[in-house]
file work-v7.txt (compact mmCIF, C-alpha atoms (C1' of nucleotides))
# COMPACT_ATOMS: atom_id res chain seq x y z
CA MET A 1168 0.00 0.00 0.00
CA THR A 1169 1.61 3.17 -1.22
CA LYS A 1170 0.99 6.83 -0.67
CA GLN A 1171 -0.46 7.13 -4.20
CA ARG A 1172 -2.93 4.30 -3.63
CA LEU A 1173 -4.04 5.82 -0.40
CA GLU A 1174 -4.64 9.09 -2.23
CA VAL A 1175 -6.88 7.37 -4.73
CA LEU A 1176 -8.78 5.53 -2.01
CA SER A 1177 -9.20 8.65 0.01
CA PHE A 1178 -10.42 10.61 -2.98
CA LEU A 1179 -13.01 8.00 -3.84
CA ALA A 1180 -14.05 7.56 -0.23
CA ASN A 1181 -14.89 11.23 -0.03
CA ALA A 1182 -16.68 11.35 -3.35
CA ASP A 1183 -20.44 11.55 -3.33
CA GLN A 1184 -20.69 10.12 -6.80
CA PRO A 1185 -18.64 8.05 -9.25
CA LYS A 1186 -15.55 9.81 -10.56
CA SER A 1187 -13.90 9.52 -13.93
CA ALA A 1188 -10.28 8.47 -14.36
CA LYS A 1189 -9.59 11.83 -15.91
CA GLU A 1190 -10.98 13.71 -12.97
CA ILE A 1191 -9.14 11.55 -10.44
CA ALA A 1192 -5.90 12.06 -12.37
CA LYS A 1193 -6.47 15.79 -12.58
CA ILE A 1194 -7.15 16.25 -8.89
CA LEU A 1195 -4.36 13.97 -7.72
CA SER A 1196 -1.83 15.55 -10.04
CA LYS A 1197 -1.99 18.50 -7.67
CA LYS A 1198 -0.56 16.18 -5.06
CA GLY A 1199 2.19 15.02 -7.38
CA VAL A 1200 0.59 11.76 -8.49
CA ASP A 1201 1.24 11.03 -12.14
CA GLN A 1202 -1.66 10.26 -14.47
CA ALA A 1203 -0.08 6.99 -15.59
CA THR A 1204 0.01 5.95 -11.96
CA VAL A 1205 -3.65 6.78 -11.53
CA TYR A 1206 -4.62 4.64 -14.51
CA ARG A 1207 -2.48 1.79 -13.24
CA ILE A 1208 -3.95 2.00 -9.78
CA LEU A 1209 -7.51 2.07 -11.10
CA ALA A 1210 -6.83 -0.99 -13.24
CA ARG A 1211 -5.42 -2.87 -10.25
CA PHE A 1212 -8.25 -1.83 -7.97
CA LYS A 1213 -10.77 -2.95 -10.53
CA GLU A 1214 -9.06 -6.33 -10.91
CA GLY A 1215 -8.96 -6.65 -7.15
CA CYS A 1216 -12.64 -5.76 -6.87
CA ILE A 1217 -11.97 -2.80 -4.63
CA ILE A 1218 -13.74 -0.44 -6.98
CA ASN A 1219 -16.64 -0.70 -9.40
CA GLN A 1220 -16.68 0.72 -12.85
CA ILE A 1221 -19.87 2.60 -13.64
CA ASP A 1222 -20.95 3.41 -17.18
CA PHE A 1223 -23.07 6.40 -17.96
CA GLN A 1224 -23.15 5.89 -21.73
CA GLU A 1225 -20.64 8.64 -22.16
CA ASP A 1226 -17.46 7.17 -23.65
CA GLN A 1227 -15.84 7.67 -20.30
CA SER A 1228 -15.77 5.36 -17.33
CA TYR A 1229 -16.47 6.29 -13.78
CA PHE A 1230 -15.35 4.54 -10.64
CA GLU A 1231 -16.56 4.25 -7.10
CA LEU A 1232 -15.59 2.29 -4.04
CA LYS A 1233 -17.23 -1.08 -3.80
CA ASP A 1234 -17.73 -0.78 -0.08
CA ARG A 1235 -20.45 1.77 -0.54
CA GLY A 1236 -22.84 -1.18 -0.69
CA ASP A 1237 -25.27 -2.38 -3.28
CA HIS A 1238 -26.89 0.56 -4.95
CA HIS A 1239 -27.38 2.00 -8.39
CA HIS A 1240 -27.60 5.42 -9.99
CA ILE A 1241 -29.92 7.76 -11.74
CA ILE A 1242 -28.14 10.28 -13.90
CA CYS A 1243 -29.59 13.43 -15.38
CA GLN A 1244 -28.90 13.53 -19.08
CA GLU A 1245 -28.76 17.32 -19.05
CA CYS A 1246 -26.69 18.32 -16.06
CA LYS A 1247 -25.15 14.92 -15.29
CA LYS A 1248 -26.29 15.05 -11.69
CA VAL A 1249 -26.18 11.62 -10.09
CA GLU A 1250 -28.46 10.27 -7.39
CA ASP A 1251 -28.13 6.89 -5.77
CA PHE A 1252 -30.96 4.53 -5.18
CA LYS A 1253 -31.29 1.32 -3.24
CA GLY A 1254 -33.98 -0.99 -2.09
CA CYS A 1255 -34.73 -2.66 -5.34
CA ASN A 1256 -34.96 -6.40 -5.01
CA TYR A 1257 -33.91 -7.25 -8.47
CA ASP A 1258 -31.33 -9.69 -7.20
CA ASN A 1259 -34.25 -12.11 -7.32
CA LEU A 1260 -34.55 -11.22 -10.95
CA VAL A 1261 -30.87 -11.89 -11.54
CA ASN A 1262 -31.25 -15.25 -9.85
CA SER A 1263 -34.21 -16.29 -11.92
CA ILE A 1264 -32.52 -15.17 -15.12
CA SER A 1265 -29.35 -16.97 -14.22
CA LYS A 1266 -31.29 -20.21 -13.69
CA ASN A 1267 -32.70 -19.95 -17.18
CA LYS A 1268 -29.48 -19.22 -18.99
CA THR A 1269 -28.13 -22.43 -20.35
CA GLY A 1270 -25.01 -20.87 -21.81
CA PHE A 1271 -23.66 -19.35 -18.64
CA ALA A 1272 -22.19 -21.12 -15.67
CA LYS A 1273 -22.53 -18.24 -13.26
CA ILE A 1274 -23.39 -14.61 -12.95
CA THR A 1275 -20.75 -12.60 -11.14
CA GLY A 1276 -21.98 -9.07 -11.46
CA HIS A 1277 -24.37 -6.69 -13.04
CA SER A 1278 -24.87 -3.09 -13.99
CA PHE A 1279 -28.09 -1.20 -13.63
CA GLU A 1280 -28.37 2.53 -14.17
CA LEU A 1281 -31.28 4.79 -14.92
CA PHE A 1282 -31.18 7.83 -17.17
CA GLY A 1283 -33.58 10.72 -16.93
CA ILE A 1284 -34.14 14.40 -16.52
CA CYS A 1285 -33.92 15.96 -13.11
CA LYS A 1286 -36.44 18.47 -11.90
CA SER A 1287 -34.09 21.42 -12.15
CA CYS A 1288 -33.39 20.65 -15.79
CA LEU A 1289 -37.01 20.09 -16.74
CA LYS A 1290 -37.83 23.77 -16.23
CA MET B 1304 -30.28 9.04 -45.87
CA THR B 1305 -26.87 8.52 -47.38
CA LYS B 1306 -24.99 5.50 -48.59
CA GLN B 1307 -22.73 5.69 -45.55
CA ARG B 1308 -25.64 5.68 -43.14
CA LEU B 1309 -27.18 2.75 -44.88
CA GLU B 1310 -23.89 0.91 -44.54
CA VAL B 1311 -23.89 1.49 -40.80
CA LEU B 1312 -27.53 0.43 -40.47
CA SER B 1313 -26.95 -2.64 -42.55
CA PHE B 1314 -23.90 -3.62 -40.57
CA LEU B 1315 -25.74 -3.28 -37.27
CA ALA B 1316 -28.82 -5.03 -38.60
CA ASN B 1317 -26.75 -8.05 -39.47
CA ALA B 1318 -24.82 -8.08 -36.21
CA ASP B 1319 -25.75 -10.68 -33.65
CA GLN B 1320 -24.34 -8.64 -30.82
CA PRO B 1321 -23.44 -5.03 -30.02
CA LYS B 1322 -20.52 -3.67 -32.03
CA SER B 1323 -17.92 -1.13 -31.01
CA ALA B 1324 -17.34 2.09 -32.91
CA LYS B 1325 -13.84 0.94 -33.63
CA GLU B 1326 -15.02 -2.30 -35.15
CA ILE B 1327 -17.70 -0.62 -37.23
CA ALA B 1328 -15.17 1.90 -38.50
CA LYS B 1329 -12.69 -0.83 -39.29
CA ILE B 1330 -15.13 -2.94 -41.26
CA LEU B 1331 -16.72 -0.05 -43.11
CA SER B 1332 -13.38 1.46 -44.04
CA LYS B 1333 -13.11 -1.46 -46.44
CA LYS B 1334 -16.09 0.02 -48.21
CA GLY B 1335 -14.52 3.46 -48.30
CA VAL B 1336 -16.35 4.94 -45.34
CA ASP B 1337 -14.13 7.23 -43.31
CA GLN B 1338 -13.77 6.68 -39.57
CA ALA B 1339 -14.77 10.27 -38.82
CA THR B 1340 -17.96 9.66 -40.72
CA VAL B 1341 -18.68 6.54 -38.70
CA TYR B 1342 -18.26 8.40 -35.42
CA ARG B 1343 -20.49 11.21 -36.67
CA ILE B 1344 -23.16 8.80 -37.82
CA LEU B 1345 -23.14 6.92 -34.55
CA ALA B 1346 -23.49 10.15 -32.62
CA ARG B 1347 -26.45 11.21 -34.74
CA PHE B 1348 -28.11 7.83 -34.53
CA LYS B 1349 -27.73 7.86 -30.79
CA GLU B 1350 -29.25 11.34 -30.56
CA GLY B 1351 -32.05 10.23 -32.79
CA CYS B 1352 -32.64 7.12 -30.69
CA ILE B 1353 -32.08 4.80 -33.62
CA ILE B 1354 -29.35 2.93 -31.78
CA ASN B 1355 -28.59 2.10 -28.18
CA GLN B 1356 -25.24 2.40 -26.54
CA ILE B 1357 -24.31 -0.63 -24.48
CA ASP B 1358 -21.57 -0.58 -21.86
CA PHE B 1359 -19.65 -3.67 -20.92
CA GLN B 1360 -17.36 -1.99 -18.39
CA GLU B 1361 -14.56 -2.05 -20.89
CA ASP B 1362 -13.63 1.55 -21.68
CA GLN B 1363 -15.21 1.06 -25.04
CA SER B 1364 -18.82 1.56 -26.04
CA TYR B 1365 -20.87 -0.80 -28.11
CA PHE B 1366 -23.91 -0.05 -30.21
CA GLU B 1367 -26.90 -1.96 -31.44
CA LEU B 1368 -30.09 -1.14 -33.28
CA LYS B 1369 -32.94 -0.10 -31.07
CA ASP B 1370 -35.48 -1.99 -33.13
CA ARG B 1371 -34.22 -5.28 -31.84
CA GLY B 1372 -36.70 -4.82 -29.02
CA ASP B 1373 -36.34 -4.63 -25.29
CA HIS B 1374 -33.69 -7.00 -24.16
CA HIS B 1375 -30.46 -7.01 -22.24
CA HIS B 1376 -27.16 -8.85 -22.30
CA ILE B 1377 -25.06 -11.29 -20.42
CA ILE B 1378 -21.39 -11.02 -21.25
CA CYS B 1379 -18.72 -13.56 -20.46
CA GLN B 1380 -15.84 -11.86 -18.71
CA GLU B 1381 -13.36 -14.31 -20.17
CA CYS B 1382 -14.23 -14.70 -23.83
CA LYS B 1383 -16.54 -11.69 -24.16
CA LYS B 1384 -19.30 -13.80 -25.61
CA VAL B 1385 -22.64 -12.00 -25.45
CA GLU B 1386 -26.06 -13.58 -25.03
CA ASP B 1387 -29.31 -11.70 -25.06
CA PHE B 1388 -32.06 -12.21 -22.59
CA LYS B 1389 -35.61 -10.97 -22.45
CA GLY B 1390 -38.70 -11.54 -20.43
CA CYS B 1391 -37.73 -9.75 -17.29
CA ASN B 1392 -40.43 -7.42 -16.11
CA TYR B 1393 -38.26 -5.01 -14.30
CA ASP B 1394 -39.97 -2.12 -16.01
CA ASN B 1395 -42.30 -2.33 -13.05
CA LEU B 1396 -39.27 -1.84 -10.90
CA VAL B 1397 -38.22 1.18 -12.90
CA ASN B 1398 -41.67 2.62 -12.52
CA SER B 1399 -41.77 2.15 -8.79
CA ILE B 1400 -38.31 3.61 -8.41
CA SER B 1401 -39.20 6.53 -10.56
CA LYS B 1402 -42.23 7.29 -8.40
CA ASN B 1403 -40.04 7.44 -5.33
CA LYS B 1404 -37.37 9.67 -6.75
CA THR B 1405 -38.09 13.17 -5.65
CA GLY B 1406 -35.17 14.69 -7.52
CA PHE B 1407 -36.04 13.43 -10.96
CA ALA B 1408 -38.87 14.51 -13.19
CA LYS B 1409 -38.79 11.52 -15.46
CA ILE B 1410 -36.88 8.40 -16.34
CA THR B 1411 -36.09 8.14 -20.02
CA GLY B 1412 -33.93 5.07 -20.22
CA HIS B 1413 -31.95 2.48 -18.39
CA SER B 1414 -29.08 0.09 -18.74
CA PHE B 1415 -29.03 -3.41 -17.36
CA GLU B 1416 -26.32 -5.91 -18.16
CA LEU B 1417 -25.14 -9.05 -16.46
CA PHE B 1418 -21.55 -10.21 -16.23
CA GLY B 1419 -20.52 -13.79 -15.74
CA ILE B 1420 -18.57 -16.77 -16.90
CA CYS B 1421 -19.89 -18.88 -19.71
CA LYS B 1422 -19.83 -22.65 -19.57
CA SER B 1423 -17.06 -22.99 -22.14
CA CYS B 1424 -14.81 -20.72 -20.11
CA LEU B 1425 -15.51 -22.36 -16.77
CA LYS B 1426 -13.72 -25.57 -17.80
C1' DT C 68 17.48 -7.06 -0.45
C1' DT C 69 14.05 -8.31 -3.39
C1' DT C 70 9.86 -7.21 -5.37
C1' DC C 71 6.70 -4.15 -6.79
C1' DT C 72 5.43 0.71 -7.79
C1' DT C 73 6.27 5.27 -9.45
C1' DG C 74 7.45 9.33 -12.51
C1' DC C 75 8.67 10.77 -16.76
C1' DA C 76 8.44 10.97 -21.51
C1' DA C 77 6.95 9.06 -25.48
C1' DA C 78 3.90 6.19 -28.01
C1' DT C 79 -0.77 4.33 -28.89
C1' DT C 80 -5.40 4.37 -29.22
C1' DT C 81 -9.75 6.58 -29.56
C1' DT C 82 -12.48 10.41 -30.80
C1' DT C 83 -13.21 15.03 -32.67
C1' DT C 84 -12.67 19.05 -35.70
C1' DG C 85 -12.07 22.37 -39.83
C1' DC C 86 -12.97 22.87 -44.26
C1' DA C 87 -13.62 22.33 -49.13
C1' DA C 88 -16.01 19.19 -52.14
C1' DC C 89 -19.94 16.51 -52.82
C1' DT C 90 -24.86 14.52 -52.07
C1' DT C 91 -29.47 14.55 -51.05
C1' DA C 92 -34.04 16.16 -51.00
C1' DT D 1279 -30.33 25.29 -54.90
C1' DA D 1280 -30.10 24.98 -50.11
C1' DA D 1281 -29.10 22.21 -46.37
C1' DG D 1282 -26.73 18.84 -44.59
C1' DT D 1283 -22.99 15.11 -45.10
C1' DT D 1284 -18.57 13.30 -46.41
C1' DG D 1285 -13.36 12.56 -46.85
C1' DC D 1286 -9.15 14.01 -45.67
C1' DA D 1287 -5.73 15.47 -42.74
C1' DA D 1288 -4.64 17.19 -38.59
C1' DA D 1289 -5.66 17.97 -33.78
C1' DA D 1290 -7.30 16.72 -29.40
C1' DA D 1291 -8.38 13.54 -25.82
C1' DA D 1292 -7.75 9.34 -23.37
C1' DT D 1293 -4.98 5.54 -22.19
C1' DT D 1294 -0.83 2.69 -22.21
C1' DT D 1295 4.07 1.56 -22.29
C1' DG D 1296 9.35 1.23 -21.38
C1' DC D 1297 12.55 1.99 -18.29
C1' DA D 1298 15.48 3.79 -14.69
C1' DA D 1299 14.91 5.39 -10.02
C1' DG D 1300 12.57 4.87 -5.75
C1' DA D 1301 9.62 2.88 -2.04
C1' DA D 1302 7.63 -1.03 0.46
C1' DA D 1303 7.78 -5.46 2.79
call {"tool": "encode", "arguments": {"input": "work-v7.txt", "output": "C-alpha cells"}}
result
Amino acid sequence: MTKQRLEVLSFLANADQPKSAKEIAKILSKKGVDQATVYRILARFKEGCIINQIDFQEDQSYFELKDRGDHHHIICQECKKVEDFKGCNYDNLVNSISKNKTGFAKITGHSFELFGICKSCLK
Amino acid sequence: MTKQRLEVLSFLANADQPKSAKEIAKILSKKGVDQATVYRILARFKEGCIINQIDFQEDQSYFELKDRGDHHHIICQECKKVEDFKGCNYDNLVNSISKNKTGFAKITGHSFELFGICKSCLK
DNA sequence: TTTCTTGCAAATTTTTTGCAACTTA
DNA sequence: TAAGTTGCAAAAAATTTGCAAGAAA
C-alpha cells in the first residue's frame, strides 16, 4: 500500500458520486501523483474488486468504491447530476434469469443505471 | 439518408451482438467509409434514438439497433461472448423507483447488463 | 534485499474538428 | 439550390508503455 494508492482511495471515499479516471488524475496531479500511476492504480483496484466501474453511456468510465454497498444510480442527461438509489430487489430477478441461462455457468456481477431528466433541468 | 448511413444500419442489422465504434469503423473502411464519418453517424443515430449504446465496463462503447426490441445482455468476462435475454419485467421496478425519486422529473432510459462466466470458459 | 510501484516521456489508441467538395431532397 | 454530409488530414483527448529510479515489505 503506497501513498499514491491511499490518495486514490481517500479521494473515492470522499466522493459523493462516481468519478472519472480523468478527474481523479487531474485532482491527484496536484498532489504530485502522475496520471499513468492513476490509470495503473484504477486498473489494479478494478481487478482486485476494490472499486466498481460505472458506465453512464458517455465514452468515459467512472469509478466508485465497492464498499459503498449495493446501490445504483440515476443520472440526469442534461446536467449529469447523479443520485443513488437502493432498495430494489432485483437480485431475485438476476437469480431467476441466471437459472434460465443455459449458456452461462454463473453470474458474477451486473450493472443497472437509470437515465432521466432531473427536476431542475425540466424547467 | 446517405450511402454511408445505410452501410452502418446494414452492418448493425446483421450483427448478432453489439458492435464497437472501432469495429464498425474498421469494417466499413473497407467500403470506403471514413472513420470520422462513422463516429459522426453513430453520434447522430444515438441522438435520434435509432441505436442504443451498451456498456460492458470495458472503456469502449458498443452499439446496437434499437429496433431489436427490449432485451439485455449477459457477457462472459473471459471470452466476451454475449447472449441476449428478455422476459424480465423489471420495467415495473423502474416505474416504482421513478415514483419514489423526488429529484427526478422523469426516467427516459436504463441500462441493465449481467456479467458472468460462460460454460465454455468455466472448464 | 528483493519485489513491486512510481514518474517521466513518449507512443498508442480513440475520438473530434475544420474545411472544401460533394450529395441529397 | 439549399441544407446537410462526407473525406481528408490534422488535432485533441484518453490511455498505455518502457525503463530507470525509488519505495515497500
call {"tool": "closest_atom_pairs", "arguments": {"input": "work-v7.txt", "of": "chain D", "to": "chain B", "cutoff": "9 Å", "atoms": "only C-alpha atoms (C1' of nucleotides)", "output": "tab-separated table"}}
result
residue	atom	partner	partner_atom	distance
D:DT1283	C1'	B:Thr1305	CA	8.0
D:DT1284	C1'	B:Thr1340	CA	6.8
D:DG1285	C1'	B:Asp1337	CA	6.4
D:DC1286	C1'	B:Asp1337	CA	8.7
call {"tool": "closest_residue", "arguments": {"input": "work-v7.txt", "among": "A:Asp1222, A:Glu1231, A:Asp1237, A:Glu1245", "to": "chain B", "atoms": "all atoms listed in the file"}}
result
A:Asp1222
call {"tool": "residues_around", "arguments": {"input": "work-v7.txt", "residues": "region 1383-1386 of chain B", "least_positions_apart": "6", "cutoff": "8 Å", "atoms": "all atoms listed in the file", "output": "PyMOL selection string"}}
result
chain B and resi 1320+1376-1377+1421
call {"tool": "residues_around", "arguments": {"input": "work-v7.txt", "residues": "Ile1410 (chain B)", "least_positions_apart": "2", "cutoff": "6 Å", "atoms": "only C-alpha atoms (C1' of nucleotides)", "output": "list in words"}}
result
Phe1282 and Gly1283 of chain A; Gly1412 of chain B
call {"tool": "atom_distance", "arguments": {"input": "work-v7.txt", "atom1": "CA of Arg1371 (chain B)", "atom2": "CA of Phe1348 (chain B)"}}
result
14.7 Å
call {"tool": "closest_atom_pairs", "arguments": {"input": "work-v7.txt", "of": "chain C", "to": "chain A", "cutoff": "9 Å", "atoms": "only C-alpha atoms (C1' of nucleotides)", "output": "CSV"}}
result
residue,atom,partner,partner_atom,distance
C:DT72,C1',A:Thr1169,CA,8.0
C:DT73,C1',A:Thr1204,CA,6.8
C:DG74,C1',A:Asp1201,CA,6.4
C:DC75,C1',A:Asp1201,CA,8.8
call {"tool": "closest_residue", "arguments": {"input": "work-v7.txt", "among": "D:DA1280, D:DA1287, D:DA1298, D:DA1292", "to": "DT82 (chain C)", "atoms": "all atoms listed in the file"}}
result
D:DA1292
call {"tool": "interface_residues", "arguments": {"input": "work-v7.txt", "of": "chain B", "to": "chain A", "cutoff": "7 Å", "atoms": "all atoms listed in the file", "output": "ChimeraX atom specification"}}
result
/B:1356,1358,1360,1362-1364,1406-1422,1425
call {"tool": "write_last_selection", "arguments": {"input": "work-v7.txt", "atoms": "C-alpha atoms", "output": "mmCIF file, in the frame of the given file"}}
result
data_model
loop_
_atom_site.group_PDB
_atom_site.id
_atom_site.type_symbol
_atom_site.label_atom_id
_atom_site.label_comp_id
_atom_site.auth_asym_id
_atom_site.auth_seq_id
_atom_site.Cartn_x
_atom_site.Cartn_y
_atom_site.Cartn_z
ATOM 1 C CA GLN B 1356 -25.240 2.400 -26.540
ATOM 2 C CA ASP B 1358 -21.570 -0.580 -21.860
ATOM 3 C CA GLN B 1360 -17.360 -1.990 -18.390
ATOM 4 C CA ASP B 1362 -13.630 1.550 -21.680
ATOM 5 C CA GLN B 1363 -15.210 1.060 -25.040
ATOM 6 C CA SER B 1364 -18.820 1.560 -26.040
ATOM 7 C CA GLY B 1406 -35.170 14.690 -7.520
ATOM 8 C CA PHE B 1407 -36.040 13.430 -10.960
ATOM 9 C CA ALA B 1408 -38.870 14.510 -13.190
ATOM 10 C CA LYS B 1409 -38.790 11.520 -15.460
ATOM 11 C CA ILE B 1410 -36.880 8.400 -16.340
ATOM 12 C CA THR B 1411 -36.090 8.140 -20.020
ATOM 13 C CA GLY B 1412 -33.930 5.070 -20.220
ATOM 14 C CA HIS B 1413 -31.950 2.480 -18.390
ATOM 15 C CA SER B 1414 -29.080 0.090 -18.740
ATOM 16 C CA PHE B 1415 -29.030 -3.410 -17.360
ATOM 17 C CA GLU B 1416 -26.320 -5.910 -18.160
ATOM 18 C CA LEU B 1417 -25.140 -9.050 -16.460
ATOM 19 C CA PHE B 1418 -21.550 -10.210 -16.230
ATOM 20 C CA GLY B 1419 -20.520 -13.790 -15.740
ATOM 21 C CA ILE B 1420 -18.570 -16.770 -16.900
ATOM 22 C CA CYS B 1421 -19.890 -18.880 -19.710
ATOM 23 C CA LYS B 1422 -19.830 -22.650 -19.570
ATOM 24 C CA LEU B 1425 -15.510 -22.360 -16.770
#
call {"tool": "calpha_fit_and_write", "arguments": {"input": "work-v7.txt", "fixed": "chain A", "moving": "chain B", "output": "tab-separated table (two decimals) with C-alpha atoms, in the frame of the given file"}}
result
chain	number	residue	atom	x	y	z
B	1304	MET	CA	-0.18	-0.03	0.13
B	1305	THR	CA	1.49	3.09	-1.16
B	1306	LYS	CA	0.90	6.76	-0.65
B	1307	GLN	CA	-0.50	7.02	-4.17
B	1308	ARG	CA	-3.01	4.26	-3.59
B	1309	LEU	CA	-4.12	5.83	-0.38
B	1310	GLU	CA	-4.65	9.08	-2.24
B	1311	VAL	CA	-6.91	7.35	-4.73
B	1312	LEU	CA	-8.84	5.56	-1.99
B	1313	SER	CA	-9.22	8.73	-0.01
B	1314	PHE	CA	-10.41	10.67	-3.02
B	1315	LEU	CA	-13.03	8.05	-3.86
B	1316	ALA	CA	-14.08	7.68	-0.24
B	1317	ASN	CA	-14.87	11.35	-0.08
B	1318	ALA	CA	-16.65	11.46	-3.42
B	1319	ASP	CA	-20.41	11.67	-3.38
B	1320	GLN	CA	-20.69	10.21	-6.84
B	1321	PRO	CA	-18.65	8.11	-9.27
B	1322	LYS	CA	-15.54	9.84	-10.59
B	1323	SER	CA	-13.88	9.49	-13.97
B	1324	ALA	CA	-10.28	8.40	-14.38
B	1325	LYS	CA	-9.55	11.72	-15.99
B	1326	GLU	CA	-10.92	13.65	-13.06
B	1327	ILE	CA	-9.10	11.53	-10.51
B	1328	ALA	CA	-5.86	11.96	-12.43
B	1329	LYS	CA	-6.40	15.68	-12.70
B	1330	ILE	CA	-7.06	16.20	-9.01
B	1331	LEU	CA	-4.31	13.90	-7.81
B	1332	SER	CA	-1.74	15.41	-10.14
B	1333	LYS	CA	-1.88	18.40	-7.81
B	1334	LYS	CA	-0.49	16.10	-5.16
B	1335	GLY	CA	2.25	14.87	-7.46
B	1336	VAL	CA	0.63	11.62	-8.52
B	1337	ASP	CA	1.30	10.82	-12.15
B	1338	GLN	CA	-1.60	10.08	-14.49
B	1339	ALA	CA	-0.06	6.77	-15.54
B	1340	THR	CA	0.00	5.77	-11.92
B	1341	VAL	CA	-3.66	6.65	-11.51
B	1342	TYR	CA	-4.64	4.51	-14.49
B	1343	ARG	CA	-2.54	1.63	-13.17
B	1344	ILE	CA	-4.04	1.90	-9.72
B	1345	LEU	CA	-7.57	1.99	-11.05
B	1346	ALA	CA	-6.92	-1.09	-13.15
B	1347	ARG	CA	-5.55	-2.97	-10.15
B	1348	PHE	CA	-8.37	-1.88	-7.89
B	1349	LYS	CA	-10.88	-2.99	-10.45
B	1350	GLU	CA	-9.19	-6.39	-10.78
B	1351	GLY	CA	-9.12	-6.68	-7.05
B	1352	CYS	CA	-12.79	-5.75	-6.79
B	1353	ILE	CA	-12.08	-2.79	-4.55
B	1354	ILE	CA	-13.85	-0.42	-6.92
B	1355	ASN	CA	-16.72	-0.66	-9.36
B	1356	GLN	CA	-16.75	0.74	-12.82
B	1357	ILE	CA	-19.93	2.63	-13.64
B	1358	ASP	CA	-20.98	3.44	-17.19
B	1359	PHE	CA	-23.13	6.42	-17.99
B	1360	GLN	CA	-23.19	5.89	-21.76
B	1361	GLU	CA	-20.69	8.66	-22.18
B	1362	ASP	CA	-17.53	7.16	-23.66
B	1363	GLN	CA	-15.91	7.66	-20.32
B	1364	SER	CA	-15.88	5.32	-17.34
B	1365	TYR	CA	-16.53	6.29	-13.78
B	1366	PHE	CA	-15.39	4.56	-10.63
B	1367	GLU	CA	-16.60	4.32	-7.08
B	1368	LEU	CA	-15.65	2.35	-4.01
B	1369	LYS	CA	-17.32	-1.01	-3.73
B	1370	ASP	CA	-17.80	-0.67	0.00
B	1371	ARG	CA	-20.51	1.88	-0.48
B	1372	GLY	CA	-22.88	-1.06	-0.63
B	1373	ASP	CA	-25.29	-2.29	-3.23
B	1374	HIS	CA	-26.90	0.61	-4.92
B	1375	HIS	CA	-27.37	2.04	-8.37
B	1376	HIS	CA	-27.62	5.45	-9.99
B	1377	ILE	CA	-29.95	7.77	-11.73
B	1378	ILE	CA	-28.18	10.29	-13.90
B	1379	CYS	CA	-29.66	13.44	-15.35
B	1380	GLN	CA	-28.98	13.57	-19.06
B	1381	GLU	CA	-28.87	17.35	-19.03
B	1382	CYS	CA	-26.78	18.35	-16.04
B	1383	LYS	CA	-25.22	14.95	-15.30
B	1384	LYS	CA	-26.34	15.07	-11.71
B	1385	VAL	CA	-26.20	11.63	-10.10
B	1386	GLU	CA	-28.47	10.30	-7.38
B	1387	ASP	CA	-28.12	6.93	-5.76
B	1388	PHE	CA	-30.96	4.58	-5.14
B	1389	LYS	CA	-31.23	1.38	-3.18
B	1390	GLY	CA	-33.88	-0.98	-2.03
B	1391	CYS	CA	-34.66	-2.67	-5.28
B	1392	ASN	CA	-34.72	-6.41	-4.95
B	1393	TYR	CA	-33.82	-7.24	-8.45
B	1394	ASP	CA	-31.20	-9.67	-7.25
B	1395	ASN	CA	-34.07	-12.12	-7.34
B	1396	LEU	CA	-34.43	-11.24	-10.97
B	1397	VAL	CA	-30.76	-11.84	-11.58
B	1398	ASN	CA	-31.04	-15.19	-9.90
B	1399	SER	CA	-34.01	-16.28	-11.94
B	1400	ILE	CA	-32.37	-15.13	-15.14
B	1401	SER	CA	-29.19	-16.88	-14.26
B	1402	LYS	CA	-31.05	-20.15	-13.72
B	1403	ASN	CA	-32.52	-19.92	-17.19
B	1404	LYS	CA	-29.32	-19.14	-19.01
B	1405	THR	CA	-28.01	-22.34	-20.44
B	1406	GLY	CA	-24.89	-20.77	-21.91
B	1407	PHE	CA	-23.53	-19.26	-18.73
B	1408	ALA	CA	-22.03	-21.03	-15.77
B	1409	LYS	CA	-22.36	-18.17	-13.36
B	1410	ILE	CA	-23.25	-14.53	-13.03
B	1411	THR	CA	-20.60	-12.52	-11.25
B	1412	GLY	CA	-21.87	-8.99	-11.53
B	1413	HIS	CA	-24.30	-6.63	-13.11
B	1414	SER	CA	-24.82	-3.04	-14.05
B	1415	PHE	CA	-28.07	-1.17	-13.66
B	1416	GLU	CA	-28.39	2.55	-14.17
B	1417	LEU	CA	-31.31	4.80	-14.90
B	1418	PHE	CA	-31.24	7.84	-17.15
B	1419	GLY	CA	-33.63	10.72	-16.88
B	1420	ILE	CA	-34.22	14.40	-16.46
B	1421	CYS	CA	-33.98	15.95	-13.05
B	1422	LYS	CA	-36.52	18.45	-11.82
B	1423	SER	CA	-34.17	21.41	-12.07
B	1424	CYS	CA	-33.49	20.64	-15.72
B	1425	LEU	CA	-37.11	20.07	-16.67
B	1426	LYS	CA	-37.99	23.75	-16.14
call {"tool": "build_atoms", "arguments": {"input": "work-v7.txt", "residues": "region 1267-1271 of chain A", "atoms": "N, CA, C and O atoms", "output": "mmCIF file, in the frame of the given file"}}
result
data_model
loop_
_atom_site.group_PDB
_atom_site.id
_atom_site.type_symbol
_atom_site.label_atom_id
_atom_site.label_comp_id
_atom_site.auth_asym_id
_atom_site.auth_seq_id
_atom_site.Cartn_x
_atom_site.Cartn_y
_atom_site.Cartn_z
ATOM 1 N N ASN A 1267 -32.201 -19.629 -15.842
ATOM 2 C CA ASN A 1267 -32.700 -19.950 -17.180
ATOM 3 C C ASN A 1267 -31.660 -19.878 -18.285
ATOM 4 O O ASN A 1267 -31.942 -20.219 -19.420
ATOM 5 N N LYS A 1268 -30.477 -19.387 -17.943
ATOM 6 C CA LYS A 1268 -29.480 -19.220 -18.990
ATOM 7 C C LYS A 1268 -28.662 -20.486 -19.112
ATOM 8 O O LYS A 1268 -27.844 -20.794 -18.267
ATOM 9 N N THR A 1269 -28.858 -21.182 -20.190
ATOM 10 C CA THR A 1269 -28.130 -22.430 -20.350
ATOM 11 C C THR A 1269 -26.674 -22.193 -20.699
ATOM 12 O O THR A 1269 -25.827 -23.014 -20.394
ATOM 13 N N GLY A 1270 -26.365 -21.086 -21.333
ATOM 14 C CA GLY A 1270 -25.010 -20.870 -21.810
ATOM 15 C C GLY A 1270 -24.037 -20.400 -20.760
ATOM 16 O O GLY A 1270 -22.831 -20.445 -20.955
ATOM 17 N N PHE A 1271 -24.552 -19.933 -19.629
ATOM 18 C CA PHE A 1271 -23.660 -19.350 -18.640
ATOM 19 C C PHE A 1271 -23.596 -20.175 -17.369
ATOM 20 O O PHE A 1271 -24.607 -20.668 -16.877
#
